[in-house]
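A.B. asks: Next up, data_35.cif (mmCIF, C-alpha atoms and all ligand atoms).
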data_protein
#
loop_
_atom_site.label_atom_id
_atom_site.label_comp_id
_atom_site.auth_asym_id
_atom_site.auth_seq_id
_atom_site.Cartn_x
_atom_site.Cartn_y
_atom_site.Cartn_z
CA MET A 20 -182.14 5.75 -86.40
CA VAL A 21 -181.79 2.49 -88.18
CA TRP A 22 -180.00 2.36 -91.52
CA ALA A 23 -183.21 2.28 -93.62
CA GLU A 24 -184.45 5.48 -91.85
CA ARG A 25 -181.19 7.30 -92.46
CA ARG A 26 -181.43 6.41 -96.11
CA ALA A 27 -184.95 7.68 -96.29
CA ALA A 28 -183.98 10.94 -94.52
CA ALA A 29 -180.94 11.56 -96.64
CA PRO A 30 -181.17 10.84 -100.36
CA GLY A 31 -177.87 9.56 -101.71
CA TRP A 32 -177.06 7.76 -98.48
CA PRO A 33 -175.51 4.34 -99.34
CA GLU A 34 -177.87 1.41 -99.72
CA ASN A 35 -176.10 -0.82 -97.21
CA ILE A 36 -173.86 -0.09 -94.25
CA SER A 37 -171.36 -2.49 -95.85
CA ASP A 38 -171.05 0.02 -98.70
CA ILE A 39 -169.34 2.30 -96.19
CA ILE A 40 -167.55 -0.30 -94.10
CA ASN A 41 -166.07 -2.24 -97.01
CA PRO A 42 -164.37 0.79 -98.59
CA MET A 43 -163.12 1.79 -95.13
CA LYS A 44 -161.76 -1.71 -94.62
CA ARG A 45 -160.11 -1.47 -97.99
CA ILE A 46 -158.52 1.89 -97.12
CA LEU A 47 -157.32 0.44 -93.80
CA LEU A 48 -155.86 -2.60 -95.51
CA ILE A 49 -154.13 -0.44 -98.10
CA THR A 50 -152.75 1.82 -95.35
CA ILE A 51 -151.46 -1.18 -93.37
CA SER A 52 -149.86 -2.79 -96.39
CA CYS A 53 -148.29 0.51 -97.47
CA ALA A 54 -146.83 0.98 -93.99
CA ALA A 55 -145.51 -2.61 -94.00
CA CYS A 56 -144.09 -2.06 -97.44
CA CYS A 57 -142.37 1.19 -96.35
CA LEU A 58 -141.01 -0.52 -93.24
CA SER A 59 -139.60 -3.41 -95.22
CA ALA A 60 -138.16 -0.98 -97.78
CA GLN A 61 -136.66 0.94 -94.89
CA ALA A 62 -135.02 -2.20 -93.59
CA GLN A 63 -133.10 -2.41 -96.87
CA LYS A 64 -130.65 -0.12 -98.61
CA PHE A 65 -130.49 3.64 -98.26
CA GLU A 66 -132.57 5.13 -101.05
CA ASN A 67 -131.55 8.04 -103.27
CA LEU A 68 -127.79 7.53 -103.03
CA ALA A 69 -127.41 6.43 -106.64
CA LEU A 70 -130.24 7.86 -108.69
CA THR A 71 -127.55 8.18 -111.35
CA PRO A 72 -124.48 5.90 -111.39
CA GLN A 73 -121.91 6.70 -108.72
CA MET A 74 -118.70 8.50 -109.70
CA GLY A 75 -115.36 8.35 -107.93
CA TRP A 76 -111.95 6.70 -107.75
CA ASN A 77 -110.70 3.39 -106.36
CA SER A 78 -107.17 2.30 -105.49
CA TRP A 79 -107.22 -1.26 -106.84
CA ASN A 80 -106.63 -1.06 -110.58
CA LYS A 81 -103.44 0.99 -110.27
CA PHE A 82 -102.13 0.38 -106.77
CA GLN A 83 -103.44 -3.02 -105.65
CA GLY A 84 -101.96 -3.51 -102.15
CA GLN A 85 -99.91 -0.29 -102.15
CA VAL A 86 -102.50 1.75 -100.25
CA SER A 87 -101.75 4.23 -97.49
CA GLU A 88 -103.24 7.31 -95.90
CA VAL A 89 -100.66 9.44 -97.74
CA LEU A 90 -101.83 8.07 -101.10
CA ILE A 91 -105.51 8.55 -100.30
CA ARG A 92 -104.96 12.13 -99.15
CA GLU A 93 -102.97 12.96 -102.26
CA ILE A 94 -105.64 11.41 -104.47
CA ALA A 95 -108.32 13.46 -102.68
CA ASP A 96 -106.21 16.62 -103.17
CA ALA A 97 -105.87 15.83 -106.87
CA MET A 98 -109.55 15.01 -107.39
CA ALA A 99 -110.62 18.21 -105.65
CA THR A 100 -108.44 20.40 -107.87
CA ASN A 101 -107.94 18.70 -111.26
CA GLY A 102 -111.48 19.17 -112.57
CA MET A 103 -112.76 15.74 -111.57
CA LYS A 104 -114.75 16.94 -108.59
CA ASP A 105 -116.31 19.63 -110.80
CA ALA A 106 -117.16 16.94 -113.36
CA GLY A 107 -119.10 14.99 -110.71
CA TYR A 108 -116.62 12.54 -109.16
CA GLN A 109 -117.09 12.39 -105.40
CA TYR A 110 -116.04 9.07 -103.84
CA VAL A 111 -112.42 8.30 -102.94
CA ASN A 112 -112.43 4.57 -102.30
CA ILE A 113 -109.78 2.48 -100.56
CA ASP A 114 -109.84 -1.08 -101.89
CA ASP A 115 -108.32 -4.20 -100.32
CA LEU A 116 -105.37 -4.37 -97.90
CA TRP A 117 -106.13 -1.33 -95.75
CA GLN A 118 -107.05 -3.61 -92.84
CA GLY A 119 -104.91 -4.62 -89.90
CA GLU A 120 -105.96 -7.16 -87.27
CA ARG A 121 -109.15 -7.13 -85.23
CA ASP A 122 -108.63 -5.94 -81.61
CA ALA A 123 -109.45 -8.06 -78.55
CA ASP A 124 -113.14 -7.10 -78.85
CA GLY A 125 -113.25 -8.03 -82.51
CA ASN A 126 -113.23 -4.45 -83.81
CA ILE A 127 -111.57 -4.06 -87.19
CA GLN A 128 -108.59 -1.72 -87.25
CA ALA A 129 -106.64 -0.15 -90.08
CA ASP A 130 -103.13 -1.43 -90.82
CA PRO A 131 -101.15 0.76 -88.38
CA ALA A 132 -98.11 1.03 -90.63
CA ARG A 133 -100.05 2.26 -93.65
CA PHE A 134 -102.79 4.21 -91.90
CA PRO A 135 -101.15 5.45 -88.67
CA SER A 136 -103.72 8.26 -88.18
CA GLY A 137 -106.65 5.86 -88.62
CA ILE A 138 -109.59 5.90 -90.99
CA LYS A 139 -111.63 8.47 -89.03
CA ALA A 140 -108.93 11.12 -89.53
CA LEU A 141 -108.71 10.17 -93.20
CA ALA A 142 -112.48 10.44 -93.65
CA ASP A 143 -112.39 13.88 -92.00
CA TYR A 144 -109.67 14.93 -94.42
CA VAL A 145 -111.52 13.64 -97.49
CA HIS A 146 -114.72 15.32 -96.29
CA SER A 147 -112.84 18.60 -95.80
CA LYS A 148 -112.19 18.53 -99.57
CA GLY A 149 -115.91 18.22 -100.26
CA LEU A 150 -115.50 14.54 -101.18
CA LYS A 151 -116.62 11.23 -99.69
CA LEU A 152 -114.67 8.22 -98.42
CA GLY A 153 -115.24 4.63 -99.48
CA ILE A 154 -113.89 1.45 -97.99
CA TYR A 155 -113.73 -2.24 -98.88
CA SER A 156 -114.58 -5.48 -97.13
CA ASP A 157 -115.59 -9.02 -97.97
CA ALA A 158 -118.54 -11.24 -97.11
CA GLY A 159 -116.24 -14.14 -96.29
CA THR A 160 -113.78 -14.82 -93.49
CA LYS A 161 -110.94 -13.12 -95.32
CA THR A 162 -110.71 -10.61 -98.17
CA CYS A 163 -109.24 -11.62 -101.52
CA GLY A 164 -105.94 -10.15 -100.28
CA GLY A 165 -106.09 -12.25 -97.09
CA ARG A 166 -107.07 -9.51 -94.59
CA PRO A 167 -109.97 -10.01 -92.13
CA GLY A 168 -113.37 -10.26 -93.86
CA SER A 169 -116.67 -9.24 -92.29
CA ARG A 170 -118.22 -12.69 -91.90
CA ASP A 171 -119.87 -12.88 -88.44
CA HIS A 172 -118.81 -9.26 -87.79
CA GLU A 173 -121.25 -7.55 -90.14
CA LEU A 174 -123.01 -5.27 -87.65
CA GLN A 175 -119.85 -4.59 -85.70
CA ASP A 176 -118.03 -3.54 -88.88
CA ALA A 177 -120.95 -1.48 -90.17
CA LYS A 178 -121.01 0.42 -86.86
CA THR A 179 -117.26 0.98 -87.03
CA TYR A 180 -117.55 2.36 -90.57
CA ALA A 181 -120.39 4.66 -89.46
CA GLN A 182 -118.27 5.96 -86.54
CA TRP A 183 -115.39 6.59 -88.90
CA GLY A 184 -117.60 8.53 -91.32
CA VAL A 185 -117.39 6.10 -94.23
CA ASP A 186 -119.78 6.81 -97.13
CA TYR A 187 -119.34 3.83 -99.48
CA LEU A 188 -118.70 0.12 -99.05
CA LYS A 189 -117.47 -2.23 -101.76
CA TYR A 190 -118.18 -5.75 -100.53
CA ASP A 191 -116.26 -8.63 -102.11
CA TRP A 192 -116.87 -12.36 -102.37
CA CYS A 193 -113.63 -14.22 -101.60
CA ASN A 194 -113.41 -16.98 -98.97
CA ALA A 195 -117.18 -17.16 -98.76
CA GLU A 196 -117.50 -20.96 -98.69
CA GLY A 197 -120.83 -22.07 -97.22
CA LEU A 198 -122.49 -18.67 -97.72
CA THR A 199 -125.17 -17.87 -100.25
CA ALA A 200 -124.72 -14.51 -101.91
CA PRO A 201 -128.26 -13.06 -101.57
CA GLU A 202 -128.28 -13.80 -97.84
CA ALA A 203 -124.75 -12.64 -97.15
CA TYR A 204 -125.20 -9.35 -99.01
CA LYS A 205 -128.60 -8.75 -97.43
CA LYS A 206 -127.04 -9.24 -94.02
CA MET A 207 -124.47 -6.50 -94.64
CA SER A 208 -127.06 -4.24 -96.24
CA GLU A 209 -129.21 -4.54 -93.11
CA ALA A 210 -126.18 -3.99 -90.88
CA LEU A 211 -125.36 -0.75 -92.72
CA ARG A 212 -128.96 0.32 -92.39
CA ALA A 213 -128.94 -0.48 -88.68
CA ALA A 214 -125.69 1.46 -88.18
CA GLY A 215 -127.59 4.49 -89.44
CA ARG A 216 -125.06 6.34 -91.63
CA PRO A 217 -126.05 6.47 -95.31
CA VAL A 218 -123.60 4.26 -97.18
CA LEU A 219 -123.60 3.45 -100.87
CA PHE A 220 -123.41 -0.34 -101.02
CA SER A 221 -121.48 -1.72 -103.99
CA LEU A 222 -121.74 -5.50 -104.40
CA CYS A 223 -118.70 -7.23 -105.83
CA GLU A 224 -119.79 -10.80 -106.42
CA TRP A 225 -118.57 -10.95 -110.03
CA GLY A 226 -122.00 -11.88 -111.39
CA ASN A 227 -121.68 -15.48 -110.17
CA SER A 228 -125.23 -15.81 -108.90
CA LYS A 229 -126.88 -13.22 -111.16
CA PRO A 230 -127.03 -10.38 -108.60
CA TRP A 231 -129.00 -8.27 -111.10
CA THR A 232 -131.98 -10.53 -110.30
CA TRP A 233 -131.87 -10.06 -106.51
CA ALA A 234 -129.67 -7.12 -105.52
CA ARG A 235 -131.83 -4.10 -106.36
CA ASP A 236 -133.31 -3.75 -102.85
CA ILE A 237 -130.01 -4.66 -101.21
CA GLY A 238 -127.43 -2.45 -102.86
CA HIS A 239 -126.79 0.35 -105.33
CA SER A 240 -124.66 -1.52 -107.86
CA TRP A 241 -123.54 -5.06 -108.50
CA ARG A 242 -120.53 -6.30 -110.41
CA THR A 243 -121.57 -8.30 -113.45
CA THR A 244 -118.23 -9.94 -114.29
CA GLY A 245 -114.80 -10.95 -113.08
CA ASP A 246 -112.06 -8.32 -112.92
CA ILE A 247 -111.14 -5.96 -115.70
CA PHE A 248 -107.51 -5.42 -116.73
CA ALA A 249 -105.95 -2.65 -118.81
CA LYS A 250 -106.32 -4.21 -122.22
CA PHE A 251 -108.87 -3.34 -124.88
CA ASP A 252 -109.25 -6.82 -126.30
CA GLY A 253 -108.03 -9.89 -124.42
CA ILE A 254 -108.46 -12.34 -121.56
CA ILE A 255 -106.01 -13.57 -118.95
CA ASP A 256 -106.83 -17.07 -117.76
CA HIS A 257 -105.41 -17.77 -114.30
CA GLU A 258 -104.88 -21.51 -114.67
CA GLY A 259 -108.60 -22.11 -115.12
CA LYS A 260 -109.35 -20.71 -111.64
CA TYR A 261 -110.53 -17.27 -112.70
CA LYS A 262 -110.14 -14.85 -115.58
CA ASP A 263 -109.40 -11.18 -116.09
CA TYR A 264 -111.23 -9.49 -118.95
CA GLY A 265 -110.42 -6.75 -121.43
CA VAL A 266 -112.83 -3.93 -122.25
CA LEU A 267 -114.49 -5.68 -125.22
CA GLN A 268 -114.87 -8.95 -123.33
CA ILE A 269 -116.58 -7.16 -120.44
CA LEU A 270 -118.80 -5.29 -122.89
CA ASP A 271 -119.92 -8.59 -124.44
CA LEU A 272 -120.71 -10.02 -121.01
CA GLN A 273 -123.32 -7.27 -120.43
CA ASP A 274 -125.59 -8.87 -123.02
CA GLY A 275 -129.13 -9.30 -121.66
CA LEU A 276 -128.60 -7.30 -118.46
CA ARG A 277 -129.82 -3.84 -119.39
CA THR A 278 -133.40 -4.34 -118.24
CA TYR A 279 -132.24 -4.94 -114.66
CA ALA A 280 -130.52 -1.57 -114.22
CA GLY A 281 -132.01 1.84 -113.58
CA PRO A 282 -132.08 4.73 -111.13
CA GLY A 283 -131.00 3.45 -107.70
CA GLY A 284 -129.44 0.15 -108.86
CA TRP A 285 -126.79 -0.31 -111.56
CA ASN A 286 -125.02 -3.09 -113.40
CA ASP A 287 -121.32 -2.62 -112.66
CA PRO A 288 -118.98 -3.78 -115.45
CA ASP A 289 -116.02 -2.98 -113.13
CA MET A 290 -113.86 0.05 -112.54
CA LEU A 291 -112.23 2.14 -115.23
CA GLU A 292 -108.79 1.41 -116.65
CA VAL A 293 -108.58 4.82 -118.35
CA GLY A 294 -105.02 6.09 -117.92
CA ASN A 295 -103.58 2.70 -117.03
CA GLY A 296 -101.70 1.88 -120.22
CA MET A 297 -104.14 1.58 -123.13
CA THR A 298 -103.88 3.98 -126.08
CA VAL A 299 -105.79 7.25 -126.03
CA ASN A 300 -108.24 5.84 -128.61
CA GLU A 301 -108.84 2.77 -126.47
CA ASP A 302 -109.25 4.84 -123.32
CA ARG A 303 -111.76 7.04 -125.13
CA ALA A 304 -113.72 4.04 -126.40
CA HIS A 305 -113.66 2.34 -122.98
CA PHE A 306 -114.93 5.47 -121.22
CA THR A 307 -117.62 6.09 -123.83
CA LEU A 308 -118.89 2.52 -123.65
CA TRP A 309 -119.08 2.61 -119.85
CA CYS A 310 -121.11 5.82 -120.11
CA MET A 311 -123.40 4.22 -122.71
CA LEU A 312 -123.86 1.32 -120.26
CA ALA A 313 -124.83 3.73 -117.45
CA ALA A 314 -122.02 2.16 -115.44
CA PRO A 315 -120.59 3.44 -112.17
CA LEU A 316 -117.67 5.67 -113.19
CA ILE A 317 -114.93 4.71 -110.77
CA SER A 318 -111.60 5.86 -112.14
CA GLY A 319 -108.64 3.66 -111.33
CA ASN A 320 -105.53 5.55 -112.42
CA ASP A 321 -102.96 7.66 -110.58
CA LEU A 322 -104.79 10.97 -110.35
CA ARG A 323 -101.68 12.67 -108.97
CA HIS A 324 -99.92 12.30 -112.31
CA THR A 325 -102.60 12.28 -114.99
CA PRO A 326 -101.62 13.31 -118.51
CA LYS A 327 -103.91 15.99 -119.88
CA GLU A 328 -105.39 13.77 -122.59
CA THR A 329 -106.39 11.21 -119.92
CA LEU A 330 -107.94 13.91 -117.78
CA ALA A 331 -109.77 15.28 -120.83
CA ILE A 332 -111.39 11.85 -121.28
CA LEU A 333 -112.31 11.38 -117.62
CA THR A 334 -113.83 14.85 -117.30
CA ASP A 335 -115.64 15.25 -120.61
CA LYS A 336 -118.98 16.70 -119.56
CA ASP A 337 -120.89 15.69 -122.70
CA ILE A 338 -119.83 12.05 -122.40
CA ILE A 339 -120.43 11.98 -118.64
CA ALA A 340 -123.90 13.41 -119.31
CA LEU A 341 -124.72 10.21 -121.22
CA ASP A 342 -123.86 8.18 -118.14
CA GLN A 343 -125.66 10.51 -115.74
CA ASP A 344 -128.77 10.93 -117.87
CA THR A 345 -131.78 11.01 -115.56
CA LEU A 346 -133.67 8.24 -117.39
CA GLY A 347 -130.93 5.79 -116.40
CA ILE A 348 -131.51 3.51 -119.40
CA GLU A 349 -128.59 1.44 -120.66
CA ALA A 350 -127.71 1.44 -124.34
CA PHE A 351 -128.48 -1.54 -126.56
CA LYS A 352 -126.62 -2.96 -129.51
CA TYR A 353 -128.53 -2.03 -132.67
CA SER A 354 -126.27 -3.64 -135.25
CA ALA A 355 -122.97 -5.46 -135.63
CA LYS A 356 -121.12 -6.04 -138.87
CA GLU A 357 -117.46 -6.68 -139.61
CA GLY A 358 -116.42 -5.65 -136.13
CA VAL A 359 -118.36 -2.37 -136.24
CA GLU A 360 -121.15 -2.10 -133.71
CA ILE A 361 -123.79 0.60 -133.42
CA TRP A 362 -125.27 1.20 -130.00
CA PHE A 363 -128.21 3.44 -129.11
CA LYS A 364 -129.05 4.90 -125.70
CA PRO A 365 -132.41 6.57 -125.04
CA LEU A 366 -131.83 9.89 -123.29
CA ALA A 367 -134.09 12.38 -121.53
CA ARG A 368 -135.97 14.99 -123.59
CA ASP A 369 -136.43 12.57 -126.48
CA ALA A 370 -132.75 12.62 -127.34
CA TRP A 371 -130.57 9.62 -128.20
CA GLY A 372 -126.91 8.70 -127.84
CA MET A 373 -125.48 6.77 -130.78
CA CYS A 374 -122.09 5.12 -130.46
CA VAL A 375 -120.27 3.56 -133.39
CA LEU A 376 -117.64 1.20 -131.99
CA ASN A 377 -114.83 -0.10 -134.15
CA ARG A 378 -113.55 -3.31 -132.56
CA ASN A 379 -110.95 -3.77 -135.29
CA THR A 380 -107.42 -2.45 -135.04
CA ALA A 381 -107.68 -0.88 -138.52
CA PRO A 382 -109.89 2.15 -139.29
CA LYS A 383 -113.33 1.53 -140.81
CA GLU A 384 -115.48 3.62 -143.14
CA ILE A 385 -119.12 3.63 -142.15
CA THR A 386 -122.30 4.82 -143.84
CA PHE A 387 -125.59 5.06 -142.01
CA ASN A 388 -128.53 5.99 -144.16
CA TRP A 389 -131.06 7.21 -141.62
CA LYS A 390 -134.12 6.89 -143.82
CA ASP A 391 -133.57 3.12 -144.08
CA GLU A 392 -133.36 2.65 -140.33
CA VAL A 393 -135.88 2.46 -137.51
CA VAL A 394 -134.47 2.39 -134.00
CA ARG A 395 -136.94 0.79 -131.62
CA ASP A 396 -136.41 -0.12 -127.98
CA ASP A 397 -139.05 -2.44 -126.52
CA PHE A 398 -137.67 -1.94 -123.01
CA SER A 399 -138.00 1.85 -122.87
CA LYS A 400 -140.79 1.94 -125.46
CA ARG A 401 -138.83 4.54 -127.39
CA GLU A 402 -138.65 4.71 -131.14
CA ALA A 403 -136.79 6.94 -133.55
CA GLY A 404 -138.39 6.89 -136.96
CA PHE A 405 -136.01 8.89 -139.12
CA ASP A 406 -138.50 9.04 -141.97
CA THR A 407 -140.84 11.23 -139.92
CA THR A 408 -138.51 12.96 -137.46
CA ILE A 409 -135.36 14.90 -138.21
CA TYR A 410 -132.64 14.94 -135.60
CA ARG A 411 -129.69 17.30 -135.27
CA LEU A 412 -126.38 15.50 -134.84
CA THR A 413 -123.49 16.46 -132.57
CA ASP A 414 -120.13 14.69 -132.51
CA LEU A 415 -119.60 14.67 -128.75
CA TRP A 416 -115.83 14.07 -128.74
CA LYS A 417 -114.97 16.45 -131.55
CA LYS A 418 -117.49 19.03 -130.26
CA ARG A 419 -118.79 19.50 -133.77
CA GLU A 420 -122.27 19.85 -135.23
CA LEU A 421 -122.68 17.30 -138.02
CA GLY A 422 -125.89 18.50 -139.64
CA THR A 423 -129.07 16.43 -139.50
CA THR A 424 -130.47 12.98 -140.21
CA LYS A 425 -131.72 14.27 -143.58
CA LYS A 426 -128.57 13.10 -145.26
CA PRO A 427 -126.68 9.80 -144.70
CA LEU A 428 -123.93 9.75 -142.09
CA GLN A 429 -120.50 8.99 -143.46
CA ALA A 430 -117.48 8.72 -141.26
CA GLU A 431 -114.22 6.95 -140.66
CA VAL A 432 -113.83 5.43 -137.21
CA PRO A 433 -110.21 4.74 -136.16
CA GLY A 434 -109.30 1.27 -134.87
CA HIS A 435 -110.26 0.54 -131.26
CA ASP A 436 -112.14 3.80 -131.10
CA VAL A 437 -115.66 5.21 -131.22
CA LEU A 438 -117.69 7.86 -132.95
CA MET A 439 -120.08 9.24 -130.34
CA LEU A 440 -123.08 11.22 -131.52
CA ARG A 441 -125.96 12.86 -129.75
CA LEU A 442 -129.26 13.08 -131.63
CA ARG A 443 -131.66 15.87 -130.75
CA LYS A 444 -134.93 16.90 -132.31
C1 LIG B 1 -111.45 -8.87 -106.22
C2 LIG B 1 -112.27 -7.70 -106.77
C3 LIG B 1 -111.35 -6.60 -107.22
C4 LIG B 1 -110.50 -6.14 -106.04
C5 LIG B 1 -109.74 -7.31 -105.44
C6 LIG B 1 -109.05 -6.95 -104.13
O1 LIG B 1 -110.68 -9.45 -107.22
O2 LIG B 1 -113.08 -8.14 -107.84
O3 LIG B 1 -112.07 -5.52 -107.75
O4 LIG B 1 -111.33 -5.56 -105.08
O5 LIG B 1 -110.61 -8.41 -105.18
O6 LIG B 1 -108.37 -8.02 -103.56
#
Spit out the file's structure as structure tokens when you get a sec.
C.D. replies:
Amino acid sequence: MVWAERRAAAPGWPENISDIINPMKRILLITISCAACCLSAQAQKFENLALTPQMGWNSWNKFQGQVSEVLIREIADAMATNGMKDAGYQYVNIDDLWQGERDADGNIQADPARFPSGIKALADYVHSKGLKLGIYSDAGTKTCGGRPGSRDHELQDAKTYAQWGVDYLKYDWCNAEGLTAPEAYKKMSEALRAAGRPVLFSLCEWGNSKPWTWARDIGHSWRTTGDIFAKFDGIIDHEGKYKDYGVLQILDLQDGLRTYAGPGGWNDPDMLEVGNGMTVNEDRAHFTLWCMLAAPLISGNDLRHTPKETLAILTDKDIIALDQDTLGIEAFKYSAKEGVEIWFKPLARDAWGMCVLNRNTAPKEITFNWKDEVVRDDFSKREAGFDTTIYRLTDLWKKRELGTTKKPLQAEVPGHDVLMLRLRK
């Protein structure tokens, strides 16, 4: 039967054969492009490892080069029993200076004096505590501490890490002359993928070439700044070569980056200095701000000897819930006046986090008259109109209900501290 006869025999039959073939072609094309898209996505980072920001510990901020298998085991013991594991921390990460020399075949080995049992045994131990092991390398020829980097050994190193049972790689950017960051990080990301063991890939390129614009398919987080140090407000300038930043300076450097972060890929304002010498108020403010920024929560203190007020900060479930909120939207600065900033973070179930930060050393009285304010976020398309909606307020640190947005908020915020509220309908 020719086409015209079929049409005549069956009412509703398409007018032209192309009416059938074209949609089929379209479906085929869509199927092919979807498959290609999945394949190319597959060639990149492991998905689903950081749907909320990663939580763990890293050796650098407190111990720098003083790493050893004894230390890492003791930290894992502490994390498994001091409430941190229960609060969601899972990675125990060895930073720089764990490496020894490469062997005759170019395989990287651990420093035999510091890690005599090797990294595989250490990974087994950390896993036996229900935790995960992270390691550190560098895209260049040498790490910042002068140990072998992964340049020209990417796949070999990724396979070694997979054999050892490593779950996390922080990848630094020292001695990388002649490399371009997007290519170098992609190369390691693909090597990890090829090695087959799911590894959370944490880029540490200090924000030099705006990794937030290119790293989302490559890794799970990207450092946005140079290194933090344990000071609330200050900068150390290393003879113009590089700088270390205090908490407030790092906070200010996050300006304009929030739209790049979200489930699966996070801006990383560097590891926590909680417990490393700031005051309790400063530690509390630092931790709260990092949670408002949906930052990776990588503690950096000596977990074996943690004062209870430090542990109370690191394990506060209400504050951590801000960081781990499933929407994964970073806070934004709503207002700033006389060193007092108000930040809002859209949260799931139409809730909001509101953080009042006092950057001054002296306490500040604040008044916030809800009915005069409209909080609008163009990025998340969320709006809180306090004239039409009443929210219940909870002080998340003091664990106190503060009434509702019907009456103005009045509070005193101590110097270098925060007032952290949750708003719920
Ligand atoms: C760089 C990184 C730090 C740390 C050191 C180790 O400075 O930014 O976080 O890893 O290297 O040498």
A.B. asks: Please find the residues contacting ligand LIG 1 (chain B) at a distance of at most 6 Å between atoms, with only C-alpha atoms and all ligand atoms counted, and report them as a list in words.
C.D. replies: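 Every residue with an atom at most 6 Å from ligand LIG 1 (chain B) is listed here: Trp79, Asp114, Asp115, Cys163, Gly164 and Asp246 of chain A.
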A.B. asks: If you measure from CA of Gln128 in chain A to CA of Pro167 in chain A, what distance in Å do you get, rounded to one decimal?
C.D. replies: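 CA of Gln128 in chain A sits 9.7 Å away from CA of Pro167 in chain A.
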A.B. asks: Could you please determine the separation between CA of Trp389 in chain A and CA of Phe405 in chain A in Å, to one decimal place?
C.D. replies: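 The value is 5.8 Å.
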A.B. asks: Give me the residues near range 318-330 of chain A as a list in words, where near means some atom within 7 Å (using only C-alpha atoms) and where sequence neighbours in that chain fewer than 3 positions away do not count.
C.D. replies: Gly75, Trp76, Asn77, Ser78, Trp79, Asn80, Lys81, Glu93, Ile94, Ala97, Met98, Met290, Leu291, Glu292, Val293, Gly294, Asn295, Leu333 and Thr334 of chain A
A.B. asks: Please write the residues from the selection above to a file, keeping C-alpha atoms, as a CSV table (one decimal), in the coordinates of the input.
C.D. replies:
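The result, stored in out_38.csv:
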chain,number,residue,atom,x,y,z
A,75,GLY,CA,-115.4,8.4,-107.9
A,76,TRP,CA,-112.0,6.7,-107.8
A,77,ASN,CA,-110.7,3.4,-106.4
A,78,SER,CA,-107.2,2.3,-105.5
A,79,TRP,CA,-107.2,-1.3,-106.8
A,80,ASN,CA,-106.6,-1.1,-110.6
A,81,LYS,CA,-103.4,1.0,-110.3
A,93,GLU,CA,-103.0,13.0,-102.3
A,94,ILE,CA,-105.6,11.4,-104.5
A,97,ALA,CA,-105.9,15.8,-106.9
A,98,MET,CA,-109.6,15.0,-107.4
A,290,MET,CA,-113.9,0.0,-112.5
A,291,LEU,CA,-112.2,2.1,-115.2
A,292,GLU,CA,-108.8,1.4,-116.6
A,293,VAL,CA,-108.6,4.8,-118.4
A,294,GLY,CA,-105.0,6.1,-117.9
A,295,ASN,CA,-103.6,2.7,-117.0
A,333,LEU,CA,-112.3,11.4,-117.6
A,334,THR,CA,-113.8,14.8,-117.3
A.B. asks: Could you check how far CA of Ala95 in chain A sits from CA of Asn67 in chain A, in Å to one decimal?
C.D. replies: 23.9 Å
A.B. asks: With a distance cut-off of 8 Å and only C-alpha atoms, select the neighbouring residues of Trp183 in chain A, excluding the residue or stretch itself and same-chain residues fewer than 5 positions from it, and output the selection as a list in words.
C.D. replies: Ile138, Lys139, Ala140 and Ala142 of chain A
A.B. asks: In terms of the shortest atom-to-atom distance over all atoms listed in the file, which of A:Gly265, A:Pro217, A:Gly404, A:Gly159 is closest to Ala195 in chain A?
C.D. replies: A:Gly159
A.B. asks: Considering only C-alpha atoms, state which residue in the set A:Ala69, A:Leu198, A:Ile127, A:Leu152 is at the smallest distance from Ser169 in chain A.
C.D. replies: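 Smallest distance to Ser169 in chain A is found for A:Ile127.
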A.B. asks: Nearest residue to Glu173 in chain A out of A:Arg411, A:Lys206, A:His146, A:Arg212, using only C-alpha atoms?
C.D. replies: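 Residue with the minimum atom-to-atom distance to Glu173 in chain A: A:Lys206.
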A.B. asks: Find the residues near Ala181 in chain A: any atom within 12 Å, counting all atoms listed in the file, skip ones fewer than 5 places away on the same chain, and give them as a PyMOL selection string.
C.D. replies: chain A and resi 138-139+142+152-154+174-176+186-188+210-219
